[in-house]
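Student: Below is target.txt; it holds compact mmCIF, C-alpha atoms and all ligand atoms.
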# COMPACT_ATOMS: atom_id res chain seq x y z
CA MET A 28 0.00 0.00 0.00
CA ARG A 29 1.37 3.44 -0.95
CA PHE A 30 -1.52 5.85 -0.50
CA CYS A 31 -4.14 6.32 2.19
CA SER A 32 -7.59 5.14 1.06
CA SER A 33 -9.17 7.69 3.41
CA CYS A 34 -7.39 10.90 2.36
CA GLY A 35 -5.00 10.06 -0.51
CA ALA A 36 -1.77 11.06 1.30
CA SER A 37 1.29 8.77 1.29
CA VAL A 38 1.41 6.11 3.97
CA ALA A 39 4.43 4.98 6.01
CA LEU A 40 5.13 1.49 7.28
CA LYS A 41 5.67 1.69 11.02
CA ILE A 42 4.68 0.14 14.32
CA PRO A 43 1.89 2.25 15.87
CA ASP A 44 2.12 3.09 19.58
CA GLY A 45 0.92 0.14 21.62
CA ASP A 46 1.07 -2.26 18.66
CA THR A 47 3.55 -5.05 17.93
CA LEU A 48 3.62 -5.25 14.11
CA PRO A 49 4.37 -2.74 11.34
CA ARG A 50 1.25 -1.24 9.74
CA HIS A 51 0.60 1.17 6.90
CA VAL A 52 -0.04 4.41 8.79
CA CYS A 53 -1.26 7.64 7.21
CA GLU A 54 0.73 10.52 8.65
CA ALA A 55 -1.75 13.07 7.29
CA CYS A 56 -5.04 11.79 8.75
CA GLY A 57 -3.75 9.22 11.25
CA THR A 58 -5.66 6.23 9.82
CA ILE A 59 -3.99 2.88 10.51
CA HIS A 60 -4.62 0.50 7.59
CA TYR A 61 -4.76 -2.97 9.14
CA GLN A 62 -4.36 -5.93 6.79
CA ASN A 63 -5.76 -9.23 8.03
CA PRO A 64 -6.18 -12.77 6.65
CA LYS A 65 -8.78 -13.54 4.02
CA VAL A 66 -11.39 -16.26 4.43
CA VAL A 67 -12.18 -18.58 1.52
CA VAL A 68 -15.39 -20.62 1.85
CA GLY A 69 -16.43 -23.60 -0.24
CA ALA A 70 -19.09 -26.29 -0.46
CA LEU A 71 -19.03 -30.02 -1.14
CA PRO A 72 -22.33 -30.34 -3.03
CA GLU A 73 -23.52 -33.95 -2.78
CA TRP A 74 -25.95 -35.72 -5.11
CA GLU A 75 -26.41 -39.43 -4.32
CA ASP A 76 -22.84 -40.83 -4.34
CA LYS A 77 -21.44 -37.93 -6.35
CA ILE A 78 -19.85 -34.52 -5.71
CA LEU A 79 -20.18 -31.45 -7.91
CA LEU A 80 -16.90 -30.03 -9.19
CA CYS A 81 -16.14 -27.01 -11.38
CA ARG A 82 -13.29 -26.64 -13.88
CA ARG A 83 -11.74 -23.21 -13.44
CA ALA A 84 -12.05 -20.63 -16.25
CA ILE A 85 -9.80 -18.18 -14.38
CA GLU A 86 -6.26 -18.01 -13.04
CA PRO A 87 -4.74 -19.22 -10.85
CA GLN A 88 -5.01 -22.87 -11.81
CA TYR A 89 -6.98 -22.32 -15.04
CA GLY A 90 -8.39 -25.64 -16.28
CA PHE A 91 -8.03 -27.43 -12.94
CA TRP A 92 -10.94 -28.77 -10.92
CA THR A 93 -12.28 -27.33 -7.70
CA VAL A 94 -15.33 -27.48 -5.49
CA PRO A 95 -17.34 -24.23 -5.59
CA ALA A 96 -15.37 -21.83 -3.35
CA GLY A 97 -14.24 -18.25 -3.10
CA PHE A 98 -13.50 -15.25 -0.94
CA MET A 99 -16.11 -14.26 1.61
CA GLU A 100 -17.82 -10.95 1.03
CA ASN A 101 -18.42 -8.39 3.77
CA ARG A 102 -21.69 -8.72 5.67
CA GLU A 103 -22.41 -12.34 4.88
CA THR A 104 -22.13 -15.52 6.96
CA THR A 105 -19.79 -18.35 6.03
CA ALA A 106 -22.75 -20.56 5.06
CA GLU A 107 -24.14 -17.76 2.89
CA ALA A 108 -20.75 -17.46 1.21
CA ALA A 109 -20.73 -21.21 0.43
CA ALA A 110 -24.20 -21.00 -1.12
CA ARG A 111 -23.37 -17.83 -3.08
CA GLU A 112 -20.15 -19.27 -4.51
CA THR A 113 -22.02 -22.42 -5.54
CA GLU A 114 -24.65 -20.32 -7.30
CA GLU A 115 -22.00 -18.16 -9.03
CA GLU A 116 -19.59 -20.89 -10.13
CA ALA A 117 -21.94 -23.81 -10.73
CA ARG A 118 -25.35 -22.12 -11.14
CA ALA A 119 -26.54 -24.56 -8.50
CA ARG A 120 -28.63 -24.29 -5.37
CA ILE A 121 -27.60 -26.13 -2.23
CA GLU A 122 -28.74 -26.78 1.29
CA VAL A 123 -25.64 -26.06 3.36
CA GLY A 124 -24.86 -28.74 5.95
CA ALA A 125 -22.15 -29.26 8.56
CA LEU A 126 -18.79 -27.54 8.52
CA PHE A 127 -16.37 -30.24 7.36
CA SER A 128 -12.86 -28.80 7.16
CA LEU A 129 -10.71 -25.83 8.10
CA VAL A 130 -7.36 -25.29 6.41
CA ASN A 131 -4.85 -22.65 7.51
CA ILE A 132 -2.49 -21.40 4.81
CA ALA A 133 -0.58 -18.99 7.00
CA HIS A 134 2.15 -18.09 4.50
CA ILE A 135 -0.45 -16.52 2.18
CA SER A 136 -2.65 -15.25 5.04
CA GLN A 137 -5.71 -17.32 4.12
CA VAL A 138 -8.12 -19.56 6.00
CA HIS A 139 -10.21 -21.99 3.94
CA LEU A 140 -13.50 -23.45 5.22
CA PHE A 141 -15.54 -26.16 3.50
CA TYR A 142 -19.12 -27.19 4.23
CA ARG A 143 -20.89 -30.37 3.34
CA ALA A 144 -23.93 -29.50 1.23
CA ARG A 145 -26.85 -31.14 -0.52
CA LEU A 146 -27.57 -30.29 -4.13
CA ILE A 147 -31.25 -29.39 -4.32
CA ASP A 148 -31.75 -30.36 -7.97
CA LEU A 149 -29.79 -31.18 -11.12
CA ASP A 150 -30.26 -27.75 -12.66
CA PHE A 151 -26.60 -26.61 -12.77
CA GLY A 152 -24.06 -25.40 -15.29
CA PRO A 153 -20.92 -23.32 -15.63
CA GLY A 154 -20.95 -19.79 -14.27
CA THR A 155 -18.60 -17.17 -15.71
CA GLU A 156 -15.64 -18.45 -13.65
CA SER A 157 -16.09 -22.08 -14.74
CA LEU A 158 -15.38 -23.91 -18.02
CA GLU A 159 -17.39 -26.98 -17.06
CA VAL A 160 -19.38 -28.27 -14.10
CA ARG A 161 -20.18 -31.94 -13.49
CA LEU A 162 -20.85 -34.61 -10.91
CA PHE A 163 -18.09 -37.05 -10.01
CA SER A 164 -18.24 -40.35 -8.19
CA GLU A 165 -15.20 -41.15 -6.04
CA ASP A 166 -13.48 -43.25 -8.71
CA GLU A 167 -13.91 -40.44 -11.28
CA ILE A 168 -12.32 -37.65 -9.21
CA PRO A 169 -9.41 -36.14 -11.21
CA TRP A 170 -6.98 -36.26 -8.28
CA GLU A 171 -4.02 -35.08 -10.39
CA ASP A 172 -5.96 -32.07 -11.64
CA ILE A 173 -7.37 -30.65 -8.42
CA ALA A 174 -6.70 -26.91 -8.30
CA PHE A 175 -5.66 -26.36 -4.68
CA ARG A 176 -4.15 -28.40 -1.84
CA SER A 177 -6.89 -27.39 0.60
CA ILE A 178 -9.46 -28.92 -1.77
CA HIS A 179 -7.40 -32.06 -2.34
CA PHE A 180 -7.13 -32.47 1.46
CA THR A 181 -10.85 -31.90 1.94
CA LEU A 182 -11.96 -34.30 -0.80
CA LYS A 183 -9.65 -37.05 0.50
CA ARG A 184 -11.06 -36.71 4.02
CA TYR A 185 -14.59 -36.59 2.64
CA PHE A 186 -14.31 -39.89 0.80
CA ASP A 187 -12.43 -41.50 3.74
CA ASP A 188 -15.22 -40.43 6.10
CA ARG A 189 -17.93 -41.57 3.74
CA GLN A 190 -16.33 -45.02 3.61
CA SER A 191 -16.14 -45.17 7.43
CA GLY A 192 -19.75 -44.04 7.72
CA THR A 193 -19.04 -41.07 10.02
CA TYR A 194 -18.28 -37.54 8.91
CA GLY A 195 -15.89 -35.67 11.20
CA PHE A 196 -14.36 -32.22 11.23
CA HIS A 197 -10.87 -31.99 9.77
CA THR A 198 -8.15 -29.38 10.03
CA ALA A 199 -4.79 -28.89 8.36
CA ASP A 200 -2.02 -26.30 8.40
CA LEU A 201 -0.42 -26.14 4.97
CA ALA A 202 3.21 -25.08 4.69
CA PRO A 203 4.76 -23.64 1.51
CA LEU A 204 5.52 -26.28 -1.12
CA GLN A 205 9.21 -27.15 -1.33
CA GLN A 206 10.52 -26.12 -4.73
ZN ZN A 301 -5.00 9.49 5.35
Rewrite the structure of this file - the entire thing - as structure tokens.
Tutor:
Amino acid sequence: MRFCSSCGASVALKIPDGDTLPRHVCEACGTIHYQNPKVVVGALPEWEDKILLCRRAIEPQYGFWTVPAGFMENRETTAEAAARETEEEARARIEVGALFSLVNIAHISQVHLFYRARLIDLDFGPGTESLEVRLFSEDEIPWEDIAFRSIHFTLKRYFDDRQSGTYGFHTADLAPLQQ
């Protein structure tokens, strides 16, 4: 950040009095511009023994498969975010169920949450951010072409739990990939 979004003056990076971390501080109007982690929310839309996946029409990971998921908007709940993303990316309506997984990705300041969900009907199709939307049974899941590690983790746990007959709540802390 270079300029204050309140008054347009230049900002300086410094530790405010009483704080412990450097912040972008406007020396003209005094506003402290805090930057905090972003929350990504997704859904696992179930239909019989299948899960709805979307193939991404946008970067990053263009062409790879994901569950419907995206950044939370202000003034919505996490369950509302899951339903909205499913509507936007898969043109599908869901009944949001239990929270299933929480993945911390601290090095990029993101928290990912995934809900189990029930697809209400088979009226779905690609939204503007998707190339293709379809249902997959477990043996059809394109494991090598899943867009993000948090989704790979969540889908693995989902099918493990389904086999065991009990759905739990799963967490992971993802570290940077070794290059
Ligand atoms: Zn300012």
Student: From the set A:Ala39, A:Ile178, A:Ile121, A:Cys56, which residue has the shortest atom-to-atom contact distance to ligand ZN 301 (chain A), counting only C-alpha atoms and all ligand atoms?
Tutor: A:Cys56
Student: Find, counting all atoms listed in the file, the residue in A:Arg145, A:Arg161, A:Arg184, A:Arg111 that gets nearest to Trp74 of chain A.
Tutor: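 Looking only at the distances to Trp74 of chain A, the closest residue turns out to be A:Arg145.
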Student: When the cut-off is 8 Å and you count all atoms listed in the file, which residues lie near ligand ZN 301 (chain A), shown as a PyMOL selection string?
Tutor: chain A and resi 30-38+52-58
Student: My list of candidates is A:Glu103, A:Glu156, A:Glu114, A:Asp148. Which is closest to Ala84 of chain A when distances are computed with all atoms listed in the file?
Tutor: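 For Ala84 of chain A, the nearest of the candidates is A:Glu156.
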Student: Here is a test: counting all atoms listed in the file, which residue of A:Met28, A:Ala174, A:Val160, A:Ile85 is nearest to Arg50 of chain A?
Tutor: A:Met28
Student: Enter the distance from atom CA of Thr113 of chain A to atom CA of His134 of chain A, in Å, rounded to one decimal.
Tutor: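 Going from atom CA of Thr113 of chain A over to atom CA of His134 of chain A, I get 26.5 Å.
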Student: Please indicate the distance in Å from atom CA of Asn63 of chain A to atom CA of Asp46 of chain A, rounded to one decimal place.
Tutor: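 Result for atom CA of Asn63 of chain A versus atom CA of Asp46 of chain A: 14.4 Å, one decimal.
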Student: For each of A:Ala117, A:Val94, A:Val67, A:Ala199, take the minimum atom-to-atom distance to Gly154 of chain A, counting all atoms listed in the file, then give the residue where this is smallest.
Tutor: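 The shortest atom-to-atom distance to Gly154 of chain A comes from A:Ala117.
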Student: Report the distance between atom CA of Leu140 of chain A and atom CA of Val68 of chain A in Å, rounded to one decimal place.
Tutor: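 The value is 4.8 Å.
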Student: So which residues touch Ala108 of chain A within 8 Å, counting all atoms listed in the file, skipping near sequence neighbours fewer than 4 positions away, as a list in words?
Tutor: Val68, Gly69, Gly97, Phe98, Met99, Glu100, Glu103, Thr104 and Glu112 of chain A
Student: With C-alpha atoms retained, could you export that selection as a PDB file, in the coordinates of the input?
Tutor:
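Dumped everything to out-v1.pdb:
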ATOM      1  CA  VAL A  68     -15.390 -20.620   1.850  1.00  0.00           C
ATOM      2  CA  GLY A  69     -16.430 -23.600  -0.240  1.00  0.00           C
ATOM      3  CA  GLY A  97     -14.240 -18.250  -3.100  1.00  0.00           C
ATOM      4  CA  PHE A  98     -13.500 -15.250  -0.940  1.00  0.00           C
ATOM      5  CA  MET A  99     -16.110 -14.260   1.610  1.00  0.00           C
ATOM      6  CA  GLU A 100     -17.820 -10.950   1.030  1.00  0.00           C
ATOM      7  CA  GLU A 103     -22.410 -12.340   4.880  1.00  0.00           C
ATOM      8  CA  THR A 104     -22.130 -15.520   6.960  1.00  0.00           C
ATOM      9  CA  GLU A 112     -20.150 -19.270  -4.510  1.00  0.00           C
TER      10      GLU A 112
END
Student: Fewer than 2 positions away in the same chain doesn't count, so skip those; otherwise give me all residues within 12 Å of Asn131 of chain A, counting all atoms listed in the file, as a VMD selection string.
Tutor: chain A and resid 64 to 67 128 to 129 133 to 141 176 to 177 180 197 to 203
Student: With distances taken over all atoms listed in the file, which of A:Ser164, A:Thr47, A:Asn101, A:Gln205 is nearest to Leu79 of chain A?
Tutor: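 Between A:Ser164, A:Thr47, A:Asn101, A:Gln205, the residue approaching Leu79 of chain A most closely is A:Ser164.
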Student: Contacts of Ile147 of chain A at 10 Å or less, counting all atoms listed in the file, minus same-chain residues fewer than 4 places along, as a CSV table (one decimal) with C-alpha atoms, keeping the file's coordinate frame?
Tutor:
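Saved result, out.csv, follows:
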chain,number,residue,atom,x,y,z
A,72,PRO,CA,-22.3,-30.3,-3.0
A,73,GLU,CA,-23.5,-34.0,-2.8
A,74,TRP,CA,-26.0,-35.7,-5.1
A,119,ALA,CA,-26.5,-24.6,-8.5
A,120,ARG,CA,-28.6,-24.3,-5.4
A,121,ILE,CA,-27.6,-26.1,-2.2
A,122,GLU,CA,-28.7,-26.8,1.3
